[in-house]
>>> print(open('work-v5.txt').read())   # compact mmCIF, C-alpha atoms and all ligand atoms
# COMPACT_ATOMS: atom_id res chain seq x y z
CA MET A 1 0.00 0.00 0.00
CA ASP A 2 1.00 3.64 0.05
CA ALA A 3 3.95 5.02 1.93
CA GLN A 4 3.40 5.86 5.56
CA ARG A 5 1.23 8.95 6.12
CA PRO A 6 2.03 11.49 8.85
CA ASP A 7 -1.05 10.40 10.80
CA ASP A 8 -0.38 6.71 10.27
CA PRO A 9 -1.19 4.85 13.49
CA THR A 10 1.50 2.22 13.07
CA ALA A 11 3.66 1.58 16.07
CA GLY A 12 7.13 3.04 15.51
CA ASP A 13 9.60 0.80 13.70
CA CYS A 14 7.11 -2.02 13.51
CA ASN A 15 4.56 -2.01 10.71
CA GLY A 16 1.67 -2.95 12.99
CA LEU A 17 -1.13 -0.69 14.15
CA GLY A 18 -0.48 0.70 17.61
CA ARG A 19 -3.98 1.92 18.42
CA LEU A 20 -7.54 0.87 17.88
CA GLU A 21 -8.82 1.62 14.42
CA ARG A 22 -12.36 0.81 13.38
CA THR A 23 -13.25 -0.60 9.99
CA LEU A 24 -15.49 1.12 7.47
CA PRO A 25 -19.20 1.04 8.37
CA SER A 26 -20.70 -2.37 7.58
CA SER A 27 -23.42 -0.77 5.45
CA TRP A 28 -20.74 0.38 2.99
CA TYR A 29 -20.44 -3.23 1.90
CA PHE A 30 -24.05 -3.70 0.81
CA ASP A 31 -25.89 -0.37 0.63
CA PRO A 32 -26.79 0.41 -3.02
CA VAL A 33 -26.54 4.18 -2.44
CA GLN A 34 -23.03 3.80 -1.04
CA HIS A 35 -22.14 1.52 -3.93
CA ALA A 36 -23.29 4.13 -6.44
CA ARG A 37 -21.15 6.71 -4.64
CA GLU A 38 -18.11 4.44 -4.87
CA LEU A 39 -18.69 3.82 -8.57
CA GLU A 40 -18.90 7.55 -9.16
CA ARG A 41 -15.92 8.61 -7.09
CA ILE A 42 -13.64 5.61 -7.34
CA TRP A 43 -14.39 3.38 -10.31
CA TYR A 44 -15.21 6.18 -12.73
CA ARG A 45 -12.27 8.37 -11.68
CA HIS A 46 -9.33 6.00 -11.54
CA TRP A 47 -7.49 4.05 -14.19
CA VAL A 48 -9.14 0.66 -14.40
CA TYR A 49 -7.44 -2.36 -15.92
CA LEU A 50 -9.40 -4.07 -18.67
CA CYS A 51 -7.28 -6.54 -20.63
CA ARG A 52 -3.96 -7.41 -22.20
CA ALA A 53 -3.41 -5.44 -25.39
CA ALA A 54 -2.59 -8.69 -27.19
CA THR A 55 -6.17 -9.88 -26.71
CA VAL A 56 -7.30 -7.09 -29.07
CA ALA A 57 -4.46 -7.76 -31.47
CA ASP A 58 -5.65 -7.19 -35.03
CA VAL A 59 -7.17 -4.16 -36.71
CA GLN A 60 -11.00 -4.51 -36.49
CA SER A 61 -10.82 -6.70 -33.39
CA TYR A 62 -12.68 -5.55 -30.29
CA ARG A 63 -13.64 -6.48 -26.75
CA THR A 64 -16.47 -5.16 -24.62
CA PHE A 65 -16.47 -4.50 -20.87
CA THR A 66 -18.67 -3.03 -18.19
CA ILE A 67 -17.30 -0.94 -15.32
CA GLY A 68 -20.09 -0.55 -12.81
CA SER A 69 -22.99 0.35 -15.07
CA GLN A 70 -20.85 1.78 -17.86
CA PRO A 71 -20.63 -0.16 -21.14
CA LEU A 72 -17.33 0.09 -23.03
CA VAL A 73 -15.81 -1.22 -26.21
CA VAL A 74 -12.08 -1.37 -26.92
CA VAL A 75 -11.27 -1.45 -30.64
CA ARG A 76 -8.04 -1.83 -32.58
CA GLY A 77 -8.18 0.77 -35.33
CA GLU A 78 -6.21 1.86 -38.39
CA GLY A 79 -2.46 1.82 -37.86
CA GLY A 80 -2.91 -0.51 -34.89
CA VAL A 81 -4.21 2.27 -32.62
CA LEU A 82 -6.19 1.02 -29.66
CA ARG A 83 -9.14 3.15 -28.56
CA ALA A 84 -11.93 2.86 -26.04
CA PHE A 85 -15.45 4.20 -26.51
CA TYR A 86 -18.66 3.97 -24.60
CA ASN A 87 -20.37 1.05 -26.28
CA THR A 88 -23.24 3.35 -27.19
CA CYS A 89 -24.60 4.73 -30.45
CA ARG A 90 -24.93 8.51 -30.86
CA HIS A 91 -28.37 8.05 -32.46
CA ARG A 92 -30.60 6.62 -29.74
CA GLY A 93 -28.06 4.99 -27.54
CA ALA A 94 -28.20 1.35 -28.63
CA THR A 95 -25.37 -1.00 -27.77
CA LEU A 96 -22.95 -1.00 -30.68
CA CYS A 97 -21.13 -4.27 -30.08
CA PRO A 98 -23.29 -6.76 -28.18
CA GLU A 99 -20.72 -9.60 -28.05
CA PRO A 100 -17.94 -9.86 -25.43
CA ALA A 101 -15.31 -9.97 -28.19
CA GLY A 102 -15.00 -10.35 -31.91
CA ARG A 103 -13.77 -9.04 -35.19
CA LEU A 104 -15.76 -6.37 -37.01
CA PRO A 105 -16.78 -7.42 -40.54
CA ALA A 106 -15.41 -4.15 -41.98
CA ARG A 107 -13.18 -1.25 -41.00
CA SER A 108 -16.12 0.38 -39.31
CA ILE A 109 -18.60 -0.12 -36.50
CA THR A 110 -22.24 -0.31 -37.61
CA CYS A 111 -24.96 0.05 -35.02
CA PRO A 112 -27.21 -3.03 -35.17
CA TYR A 113 -30.34 -0.91 -34.53
CA HIS A 114 -30.69 1.63 -37.40
CA GLY A 115 -27.32 1.25 -39.06
CA TRP A 116 -25.39 4.40 -38.15
CA THR A 117 -21.83 3.62 -39.13
CA TYR A 118 -18.64 4.89 -37.47
CA ARG A 119 -15.01 4.76 -38.51
CA LEU A 120 -12.64 2.91 -36.18
CA ASP A 121 -11.40 6.29 -34.93
CA GLY A 122 -14.94 6.96 -33.70
CA GLY A 123 -15.98 9.48 -36.34
CA LEU A 124 -19.49 9.18 -37.79
CA ALA A 125 -19.26 7.93 -41.39
CA ARG A 126 -22.81 7.25 -42.55
CA ILE A 127 -26.44 7.75 -41.51
CA PRO A 128 -29.02 5.69 -43.35
CA SER A 129 -32.06 7.99 -43.63
CA ALA A 130 -34.32 8.76 -46.57
CA GLY A 131 -35.24 12.01 -44.82
CA ARG A 132 -31.79 13.60 -45.37
CA PRO A 133 -31.17 14.93 -41.88
CA HIS A 134 -29.12 18.01 -42.93
CA TYR A 135 -29.25 19.26 -39.35
CA VAL A 136 -26.96 16.47 -38.10
CA ASP A 137 -23.33 17.55 -38.05
CA VAL A 138 -21.87 14.35 -39.43
CA GLN A 139 -18.30 15.71 -39.36
CA GLY A 140 -18.59 16.76 -35.76
CA THR A 141 -20.34 13.68 -34.41
CA ARG A 142 -18.15 11.00 -32.90
CA LEU A 143 -18.53 8.07 -30.58
CA TYR A 144 -18.00 9.02 -26.95
CA GLU A 145 -14.33 8.30 -26.48
CA VAL A 146 -12.79 7.22 -23.17
CA ALA A 147 -9.16 7.77 -22.12
CA LEU A 148 -7.06 4.66 -22.69
CA LYS A 149 -3.44 3.91 -21.84
CA VAL A 150 -1.37 0.82 -22.38
CA TRP A 151 1.20 0.17 -19.67
CA ARG A 152 3.59 -2.67 -20.55
CA GLY A 153 0.93 -4.67 -22.34
CA PHE A 154 -1.90 -3.91 -19.86
CA VAL A 155 -4.80 -1.79 -21.16
CA TYR A 156 -6.29 0.72 -18.71
CA VAL A 157 -9.16 3.16 -19.16
CA ASN A 158 -10.27 6.16 -17.14
CA LEU A 159 -13.85 7.34 -17.49
CA GLY A 160 -13.75 10.60 -15.60
CA ASP A 161 -10.31 11.80 -14.55
CA PRO A 162 -7.78 11.11 -17.30
CA GLU A 163 -5.43 13.80 -15.96
CA ARG A 164 -4.61 11.45 -13.11
CA THR A 165 -1.41 9.61 -13.99
CA LEU A 166 -1.35 5.88 -14.24
CA ALA A 167 1.53 5.83 -11.75
CA ASP A 168 -0.80 7.43 -9.15
CA ASN A 169 -2.77 4.21 -9.13
CA PHE A 170 0.12 1.96 -8.28
CA ASN A 171 1.44 1.26 -4.82
CA ALA A 172 4.94 0.86 -6.17
CA ASN A 173 7.43 2.66 -8.33
CA LEU A 174 6.68 1.39 -11.82
CA GLU A 175 10.40 1.20 -12.59
CA GLN A 176 10.80 -1.32 -9.81
CA PHE A 177 9.48 -4.06 -12.08
CA ALA A 178 11.49 -3.14 -15.16
CA ARG A 179 13.38 -6.42 -14.99
CA TRP A 180 10.24 -8.42 -15.73
CA PRO A 181 9.53 -8.42 -19.51
CA LEU A 182 5.83 -7.77 -18.91
CA GLU A 183 4.97 -6.61 -22.42
CA GLU A 184 6.26 -9.85 -23.93
CA LEU A 185 4.39 -12.27 -21.71
CA VAL A 186 1.62 -14.42 -23.09
CA ILE A 187 -1.57 -15.58 -21.39
CA GLY A 188 -1.26 -19.31 -20.68
CA ARG A 189 -4.50 -19.68 -18.76
CA SER A 190 -7.28 -17.42 -17.61
CA LEU A 191 -10.12 -17.82 -15.16
CA THR A 192 -13.12 -15.60 -14.40
CA LYS A 193 -15.34 -16.07 -11.38
CA ARG A 194 -18.10 -14.19 -9.61
CA LEU A 195 -17.55 -13.62 -5.94
CA ARG A 196 -20.55 -12.88 -3.77
CA CYS A 197 -18.86 -10.04 -1.95
CA ASN A 198 -18.35 -6.32 -2.17
CA TRP A 199 -15.18 -5.32 -4.04
CA LYS A 200 -13.69 -3.80 -0.85
CA VAL A 201 -14.00 -7.12 0.99
CA PHE A 202 -11.71 -8.64 -1.62
CA TRP A 203 -9.06 -5.91 -1.22
CA GLU A 204 -9.18 -6.05 2.55
CA ASN A 205 -8.52 -9.77 2.46
CA TYR A 206 -5.70 -9.16 -0.03
CA ASN A 207 -4.13 -6.65 2.34
CA GLU A 208 -3.57 -8.94 5.31
CA CYS A 209 -2.17 -12.37 6.00
CA LEU A 210 -3.72 -12.78 9.41
CA HIS A 211 -6.07 -15.25 7.73
CA CYS A 212 -3.25 -17.20 6.08
CA PRO A 213 -2.50 -19.78 8.80
CA GLY A 214 -6.12 -20.90 8.93
CA VAL A 215 -7.10 -20.51 5.31
CA HIS A 216 -4.08 -21.28 3.11
CA PRO A 217 -2.42 -24.61 4.02
CA GLY A 218 -0.59 -24.84 0.67
CA LEU A 219 0.60 -21.26 0.57
CA THR A 220 1.83 -21.21 4.15
CA GLY A 221 3.85 -24.33 3.35
CA LEU A 222 5.56 -22.45 0.57
CA VAL A 223 5.94 -19.04 2.25
CA PRO A 224 6.92 -19.76 5.87
CA ILE A 225 6.45 -16.21 7.20
CA TYR A 226 2.77 -16.39 6.22
CA ARG A 227 2.42 -19.21 8.76
CA ARG A 228 2.88 -16.55 11.41
CA GLY A 229 -0.01 -14.50 10.06
CA ILE A 230 2.29 -11.74 8.89
CA MET A 231 3.57 -10.55 5.52
CA GLU A 232 6.95 -9.02 6.32
CA PRO A 233 9.59 -9.24 9.07
CA ARG A 234 8.65 -5.81 10.41
CA ASP A 235 5.08 -6.90 11.01
CA ASP A 236 6.47 -8.65 14.12
CA PRO A 237 7.07 -6.26 17.03
CA ALA A 238 10.05 -8.44 18.00
CA PHE A 239 11.56 -8.27 14.53
CA ALA A 240 14.89 -6.94 15.86
CA GLU A 241 15.47 -10.21 17.74
CA HIS A 242 15.54 -12.03 14.41
CA ALA A 243 17.55 -9.47 12.46
CA GLY A 244 20.00 -11.25 10.20
CA SER A 245 18.23 -14.59 10.51
CA PRO A 246 18.46 -16.53 7.26
CA ASP A 247 15.31 -18.47 8.16
CA PRO A 248 12.47 -17.56 5.78
CA LEU A 249 10.09 -17.95 8.73
CA HIS A 250 11.53 -14.66 9.97
CA ARG A 251 13.15 -13.20 6.88
CA GLY A 252 10.32 -13.82 4.41
CA GLY A 253 10.62 -15.36 0.97
CA LEU A 254 10.06 -18.91 -0.19
CA ARG A 255 10.87 -22.03 1.81
CA ALA A 256 14.27 -23.59 1.20
CA GLY A 257 14.42 -25.36 -2.13
CA ALA A 258 11.40 -23.56 -3.65
CA ALA A 259 11.73 -21.17 -6.59
CA THR A 260 8.19 -20.15 -7.44
CA TRP A 261 4.53 -20.45 -6.48
CA SER A 262 3.70 -23.89 -7.81
CA MET A 263 2.36 -27.17 -6.47
CA ASP A 264 5.86 -28.45 -5.64
CA GLY A 265 7.68 -25.11 -5.49
CA ARG A 266 9.71 -25.96 -8.58
CA SER A 267 10.02 -23.42 -11.35
CA LEU A 268 8.81 -24.13 -14.89
CA GLY A 269 12.20 -23.09 -16.29
CA HIS A 270 12.70 -20.28 -18.82
CA GLU A 271 13.13 -17.96 -15.86
CA PHE A 272 13.36 -14.21 -16.34
CA ALA A 273 17.09 -13.75 -16.84
CA SER A 274 17.44 -10.19 -15.62
CA LEU A 275 16.09 -10.57 -12.08
CA SER A 276 18.41 -9.72 -9.19
CA PRO A 277 19.55 -12.42 -6.74
CA GLU A 278 17.32 -10.85 -4.07
CA GLU A 279 14.28 -10.86 -6.37
CA ARG A 280 14.93 -14.55 -6.99
CA ARG A 281 15.40 -15.35 -3.33
CA VAL A 282 12.15 -13.68 -2.29
CA GLY A 283 10.32 -15.37 -5.16
CA TYR A 284 7.13 -13.26 -5.13
CA HIS A 285 6.53 -9.54 -5.56
CA TYR A 286 3.26 -7.65 -5.48
CA MET A 287 2.22 -4.68 -7.50
CA THR A 288 -1.18 -3.18 -6.77
CA SER A 289 -3.22 -0.72 -8.82
CA LEU A 290 -6.36 0.23 -6.94
CA PRO A 291 -9.20 -0.26 -7.45
CA SER A 292 -9.01 -2.90 -10.15
CA HIS A 293 -5.73 -4.70 -10.61
CA TYR A 294 -2.77 -6.42 -9.04
CA LEU A 295 0.15 -8.44 -10.23
CA VAL A 296 2.13 -11.09 -8.44
CA LEU A 297 5.51 -11.48 -10.09
CA HIS A 298 7.58 -14.63 -9.81
CA VAL A 299 10.79 -15.90 -11.42
CA ASP A 300 9.03 -17.84 -14.18
CA HIS A 301 5.56 -16.30 -14.51
CA VAL A 302 3.36 -13.38 -13.54
CA ARG A 303 -0.23 -13.55 -12.33
CA SER A 304 -2.54 -10.69 -13.18
CA SER A 305 -5.83 -10.34 -11.29
CA ARG A 306 -8.56 -7.91 -12.26
CA LEU A 307 -11.55 -6.93 -10.17
CA LEU A 308 -14.71 -5.34 -11.51
CA PRO A 309 -17.75 -4.52 -9.37
CA LEU A 310 -20.94 -6.21 -10.58
CA GLY A 311 -23.08 -4.82 -7.78
CA PRO A 312 -22.89 -3.90 -4.09
CA GLU A 313 -22.49 -7.56 -3.17
CA GLU A 314 -21.01 -9.09 -6.28
CA THR A 315 -17.55 -8.77 -7.78
CA GLU A 316 -16.00 -10.31 -10.85
CA LEU A 317 -12.49 -11.65 -10.44
CA SER A 318 -10.53 -12.40 -13.62
CA ILE A 319 -7.12 -14.01 -13.40
CA GLU A 320 -4.59 -14.24 -16.22
CA TRP A 321 -1.46 -16.35 -15.83
CA LEU A 322 1.29 -14.84 -17.98
CA PHE A 323 4.32 -16.77 -19.19
CA PRO A 324 7.24 -16.31 -21.56
CA ALA A 325 6.34 -17.65 -25.02
CA GLU A 326 9.14 -20.25 -24.64
CA THR A 327 7.42 -21.75 -21.62
CA LEU A 328 4.15 -22.17 -23.48
CA ALA A 329 6.01 -23.74 -26.41
CA ASP A 330 7.87 -26.17 -24.16
CA PRO A 331 6.00 -29.48 -23.72
CA ALA A 332 8.05 -30.19 -20.58
CA ALA A 333 6.80 -27.01 -18.87
CA ASP A 334 3.59 -28.06 -17.14
CA ILE A 335 1.90 -24.73 -16.42
CA ALA A 336 -0.85 -26.51 -14.51
CA ARG A 337 1.61 -26.86 -11.60
CA VAL A 338 1.65 -23.06 -11.37
CA CYS A 339 -1.95 -22.25 -12.30
CA ASP A 340 -3.54 -24.91 -10.09
CA PHE A 341 -1.56 -23.71 -7.09
CA SER A 342 -2.65 -20.08 -7.23
CA ALA A 343 -6.18 -21.01 -8.37
CA GLN A 344 -6.44 -22.97 -5.11
CA VAL A 345 -5.20 -19.98 -3.09
CA MET A 346 -7.68 -17.71 -4.89
CA ALA A 347 -10.50 -20.18 -4.24
CA GLU A 348 -9.62 -20.17 -0.53
CA ASP A 349 -9.61 -16.37 -0.53
CA GLY A 350 -12.89 -16.21 -2.44
CA ALA A 351 -14.57 -18.49 0.11
CA VAL A 352 -13.56 -16.35 3.10
CA CYS A 353 -14.52 -13.15 1.25
CA GLU A 354 -18.02 -14.56 0.82
CA LEU A 355 -18.13 -15.52 4.51
CA ALA A 356 -17.15 -11.99 5.46
CA GLN A 357 -19.79 -10.50 3.20
CA ARG A 358 -22.63 -12.51 4.68
CA GLY A 359 -21.66 -11.73 8.28
CA LEU A 360 -21.48 -7.99 7.62
CA HIS A 361 -25.27 -7.89 7.36
CA ALA A 362 -25.72 -8.40 11.12
CA ALA A 363 -27.42 -5.20 12.27
CA ALA A 364 -25.47 -5.24 15.53
CA HIS A 365 -22.14 -5.15 13.69
CA GLU A 366 -21.85 -1.52 12.72
CA ARG A 367 -18.07 -1.63 12.40
CA GLY A 368 -15.25 -4.04 13.13
CA MET A 369 -11.84 -3.38 14.66
CA LEU A 370 -8.43 -3.95 13.16
CA MET A 371 -5.58 -6.03 14.54
CA PRO A 372 -1.99 -4.74 14.40
CA GLU A 373 -1.23 -7.01 11.41
CA GLU A 374 -4.02 -5.32 9.45
CA TYR A 375 -2.16 -2.06 8.91
CA ASP A 376 -2.55 -2.38 5.14
CA VAL A 377 -6.30 -2.94 5.56
CA TYR A 378 -6.30 0.34 7.49
CA ARG A 379 -4.40 2.06 4.65
CA PHE A 380 -6.77 0.65 2.06
CA GLU A 381 -9.76 1.91 4.03
CA GLN A 382 -8.09 5.33 4.35
CA TRP A 383 -7.62 5.31 0.58
CA VAL A 384 -11.35 4.63 0.17
CA ARG A 385 -12.26 7.38 2.66
CA ASP A 386 -9.97 9.85 0.90
CA ALA A 387 -11.33 8.96 -2.53
CA LEU A 388 -14.89 9.52 -1.31
CA ALA A 389 -14.15 12.81 0.41
CA PRO A 390 -15.40 15.90 -1.40
CA ALA A 391 -12.71 17.63 -3.44
CA PRO A 392 -11.07 20.48 -1.48
CA VAL A 393 -12.46 23.91 -2.23
CA ASN A 394 -10.02 26.08 -4.18
CA PRO A 395 -10.06 29.49 -2.41
CA ASP A 396 -8.80 31.21 -5.59
CA ARG A 397 -11.95 30.41 -7.47
S1 LIG A 401 -29.50 3.60 -32.05
FE1 LIG A 401 -27.82 3.24 -33.30
S2 LIG A 401 -28.51 3.59 -35.26
FE2 LIG A 401 -30.23 3.98 -34.05
FE FE A 402 -5.43 -15.06 1.27
>>> encode(input="work-v5.txt", output="structure tokens")
Amino acid sequence: MDAQRPDDPTAGDCNGLGRLERTLPSSWYFDPVQHARELERIWYRHWVYLCRAATVADVQSYRTFTIGSQPLVVVRGEGGVLRAFYNTCRHRGATLCPEPAGRLPARSITCPYHGWTYRLDGGLARIPSAGRPHYVDVQGTRLYEVALKVWRGFVYVNLGDPERTLADNFNANLEQFARWPLEELVIGRSLTKRLRCNWKVFWENYNECLHCPGVHPGLTGLVPIYRRGIMEPRDDPAFAEHAGSPDPLHRGGLRAGAATWSMDGRSLGHEFASLSPEERRVGYHYMTSLPSHYLVLHVDHVRSSRLLPLGPEETELSIEWLFPAETLADPAADIARVCDFSAQVMAEDGAVCELAQRGLHAAAHERGMLMPEEYDVYRFEQWVRDALAPAPVNPDR
């Protein structure tokens, strides 16, 4: 999560919270009015990850998405330019591309309702009408375009605040992951599932490992420090007593003999050659882009997870496992060892997220309280509070 804030209630050198902090109000996890507010102020004003650019590879290919209630289409146009539009016709608002993905039959988008036709750059090209509507400014009418950026092969859009930089979204310095060849990686497997929980429940679970000892038997076998319910050495108030310990139980990183997150800890080979010895030793690195995306980077693959809110109590989770092309071409590299491992971890997380969601409905439970290890949950909730706060008034205006 973000760097420490001046008012951060963590306890000195230790990462943990040093005072009681309450969670967000329980109603924020199911109230439709609150959900609409979060769509408006968070989902429609931040860069949201949609897909790998390579999944919209050819001119005329497209994919459609929905962020909250907003329908979008991403199209590869002339010269290979990728654009995003609201998936909405300028005539009477019909959906332009009803399928999740496809290839347009021509270098244009034709509305299936009355046949208005648009160029791939969004400009209106043709209106079928015997009445000759001279009052329509054909030249000046375009599809409603949405800001789109491609960061290292990942396509992001921003519906309402494109001035915000993409780097603002990330918890980490983007250069930090320069040694992973992210743009070259290829999707080896993908998985989409609906979780019956609010999107914030997912992120809160992501931001703590207090649940790990009870929920993730496989993962805690691979990452010993997680067995202690913590993520990093400094989460332990007694961390100084173990300073210099080579034991991953205290130092973090993978168990001895393991190289990656896989069923047996073995790597698939074709490892990323430019990683530092420390990056290899640790074996897993997180990169988070709120509110929609995170990556977990390993020595032989990268896992990309995308969240999209389907409703106050429903969230879509889409996972893409990314590999070097050589791995996918190598019959000896069994990617199932990698994918099955993290799919199991994600299934365990999904199950506890759904448990949390159901319990939050208890009228008596207005708010919870955070444990010291949940300092990143606290920071996430502060991020939500800040994003929902009204913009500061500019006294010069
Ligand atoms: S709504 Fe698209 S052509 Fe009429
Ligand atoms: Fe978990």
>>> residues_near_ligand(input="work-v5.txt", ligand="ligand LIG 401 (chain A)", cutoff="9 Å", atoms="all atoms listed in the file", output="PyMOL selection string")
chain A and resi 88-96+110-117+127-128
>>> closest_atom_pairs(input="work-v5.txt", of="chain A", to="ligand FE 402 (chain A)", cutoff="10 Å", atoms="all atoms listed in the file", output="Markdown table")
| residue | atom | partner | partner_atom | distance |
| --- | --- | --- | --- | --- |
| A:Phe202 | CA | A:FE402 | FE | 9.4 |
| A:Glu204 | CA | A:FE402 | FE | 9.8 |
| A:Asn205 | CA | A:FE402 | FE | 6.2 |
| A:Tyr206 | CA | A:FE402 | FE | 6.0 |
| A:Asn207 | CA | A:FE402 | FE | 8.6 |
| A:Glu208 | CA | A:FE402 | FE | 7.6 |
| A:Cys209 | CA | A:FE402 | FE | 6.3 |
| A:Leu210 | CA | A:FE402 | FE | 8.6 |
| A:His211 | CA | A:FE402 | FE | 6.5 |
| A:Cys212 | CA | A:FE402 | FE | 5.7 |
| A:Pro213 | CA | A:FE402 | FE | 9.4 |
| A:Gly214 | CA | A:FE402 | FE | 9.7 |
| A:Val215 | CA | A:FE402 | FE | 7.0 |
| A:His216 | CA | A:FE402 | FE | 6.6 |
| A:Leu219 | CA | A:FE402 | FE | 8.7 |
| A:Thr220 | CA | A:FE402 | FE | 9.9 |
| A:Tyr226 | CA | A:FE402 | FE | 9.7 |
| A:Val345 | CA | A:FE402 | FE | 6.6 |
| A:Met346 | CA | A:FE402 | FE | 7.1 |
| A:Ala347 | CA | A:FE402 | FE | 9.1 |
| A:Glu348 | CA | A:FE402 | FE | 6.8 |
| A:Asp349 | CA | A:FE402 | FE | 4.7 |
| A:Gly350 | CA | A:FE402 | FE | 8.4 |
| A:Ala351 | CA | A:FE402 | FE | 9.8 |
| A:Val352 | CA | A:FE402 | FE | 8.4 |
| A:Cys353 | CA | A:FE402 | FE | 9.3 |
>>> residues_around(input="work-v5.txt", residues="Arg281 of chain A", least_positions_apart="4", cutoff="12 Å", atoms="all atoms listed in the file", output="PDB file with C-alpha atoms, in the coordinates of the input")
ATOM      1  CA  VAL A 223       5.940 -19.040   2.250  1.00  0.00           C
ATOM      2  CA  PRO A 246      18.460 -16.530   7.260  1.00  0.00           C
ATOM      3  CA  ASP A 247      15.310 -18.470   8.160  1.00  0.00           C
ATOM      4  CA  PRO A 248      12.470 -17.560   5.780  1.00  0.00           C
ATOM      5  CA  ARG A 251      13.150 -13.200   6.880  1.00  0.00           C
ATOM      6  CA  GLY A 252      10.320 -13.820   4.410  1.00  0.00           C
ATOM      7  CA  GLY A 253      10.620 -15.360   0.970  1.00  0.00           C
ATOM      8  CA  LEU A 254      10.060 -18.910  -0.190  1.00  0.00           C
ATOM      9  CA  ARG A 255      10.870 -22.030   1.810  1.00  0.00           C
ATOM     10  CA  ALA A 256      14.270 -23.590   1.200  1.00  0.00           C
ATOM     11  CA  GLY A 257      14.420 -25.360  -2.130  1.00  0.00           C
ATOM     12  CA  ALA A 258      11.400 -23.560  -3.650  1.00  0.00           C
ATOM     13  CA  ALA A 259      11.730 -21.170  -6.590  1.00  0.00           C
ATOM     14  CA  THR A 260       8.190 -20.150  -7.440  1.00  0.00           C
ATOM     15  CA  LEU A 275      16.090 -10.570 -12.080  1.00  0.00           C
ATOM     16  CA  SER A 276      18.410  -9.720  -9.190  1.00  0.00           C
ATOM     17  CA  PRO A 277      19.550 -12.420  -6.740  1.00  0.00           C
ATOM     18  CA  HIS A 285       6.530  -9.540  -5.560  1.00  0.00           C
ATOM     19  CA  HIS A 298       7.580 -14.630  -9.810  1.00  0.00           C
ATOM     20  CA  VAL A 299      10.790 -15.900 -11.420  1.00  0.00           C
TER      21      VAL A 299
END
>>> closest_residue(input="work-v5.txt", among="A:Gly122, A:Pro372, A:Pro133, A:Gly102", to="Glu78 of chain A", atoms="all atoms listed in the file")
A:Gly122
>>> residues_around(input="work-v5.txt", residues="segment 145-150 of chain A", least_positions_apart="6", cutoff="12 Å", atoms="all atoms listed in the file", output="MDAnalysis selection string")
chainID A and resid 44:54 56 70:76 81:90 120:123 156:167 182:183
>>> residues_around(input="work-v5.txt", residues="Ala325 of chain A", least_positions_apart="5", cutoff="9 Å", atoms="only C-alpha atoms", output="PyMOL selection string")
chain A and resi 184-188+330
>>> axis_aligned_box(input="work-v5.txt", around="segment 386-391 of chain A", padding_each_side="6 Å", output="JSON")
{"center_x": -12.7, "center_y": 13.3, "center_z": -1.3, "size_x": 17.4, "size_y": 20.7, "size_z": 16.3}
>>> closest_residue(input="work-v5.txt", among="A:Pro237, A:Gly221, A:Gly131, A:Gly68", to="Ser292 of chain A", atoms="all atoms listed in the file")
A:Gly68
>>> atom_distance(input="work-v5.txt", atom1="atom CA of Glu40 of chain A", atom2="atom CA of Leu360 of chain A")
23.0 Å
>>> residues_around(input="work-v5.txt", residues="Tyr294 of chain A", least_positions_apart="6", cutoff="9 Å", atoms="all atoms listed in the file", output="compact mmCIF listing (two decimals) with C-alpha atoms, in the frame of the given file")
# COMPACT_ATOMS: atom_id res chain seq x y z
CA PHE A 170 0.12 1.96 -8.28
CA TYR A 286 3.26 -7.65 -5.48
CA MET A 287 2.22 -4.68 -7.50
CA THR A 288 -1.18 -3.18 -6.77
CA ARG A 303 -0.23 -13.55 -12.33
CA SER A 304 -2.54 -10.69 -13.18
CA SER A 305 -5.83 -10.34 -11.29
CA ARG A 306 -8.56 -7.91 -12.26
CA LEU A 307 -11.55 -6.93 -10.17
>>> closest_residue(input="work-v5.txt", among="A:Arg234, A:Arg126, A:Arg196, A:Arg358", to="Glu313 of chain A", atoms="only C-alpha atoms")
A:Arg196
>>> closest_residue(input="work-v5.txt", among="A:Phe177, A:Phe65, A:Phe272, A:Tyr29", to="Glu316 of chain A", atoms="only C-alpha atoms")
A:Phe65
>>> closest_residue(input="work-v5.txt", among="A:His361, A:Arg227, A:Glu373, A:Trp383", to="Ser27 of chain A", atoms="only C-alpha atoms")
A:His361
>>> atom_distance(input="work-v5.txt", atom1="atom CA of Ser245 of chain A", atom2="atom CA of Glu278 of chain A")
15.1 Å
>>> closest_residue(input="work-v5.txt", among="A:Asn15, A:Gly283, A:Asp340, A:Thr327", to="Phe239 of chain A", atoms="only C-alpha atoms")
A:Asn15
>>> residues_around(input="work-v5.txt", residues="Asp386 of chain A", least_positions_apart="6", cutoff="12 Å", atoms="all atoms listed in the file", output="PyMOL selection string")
chain A and resi 38+41-42+379-380+392
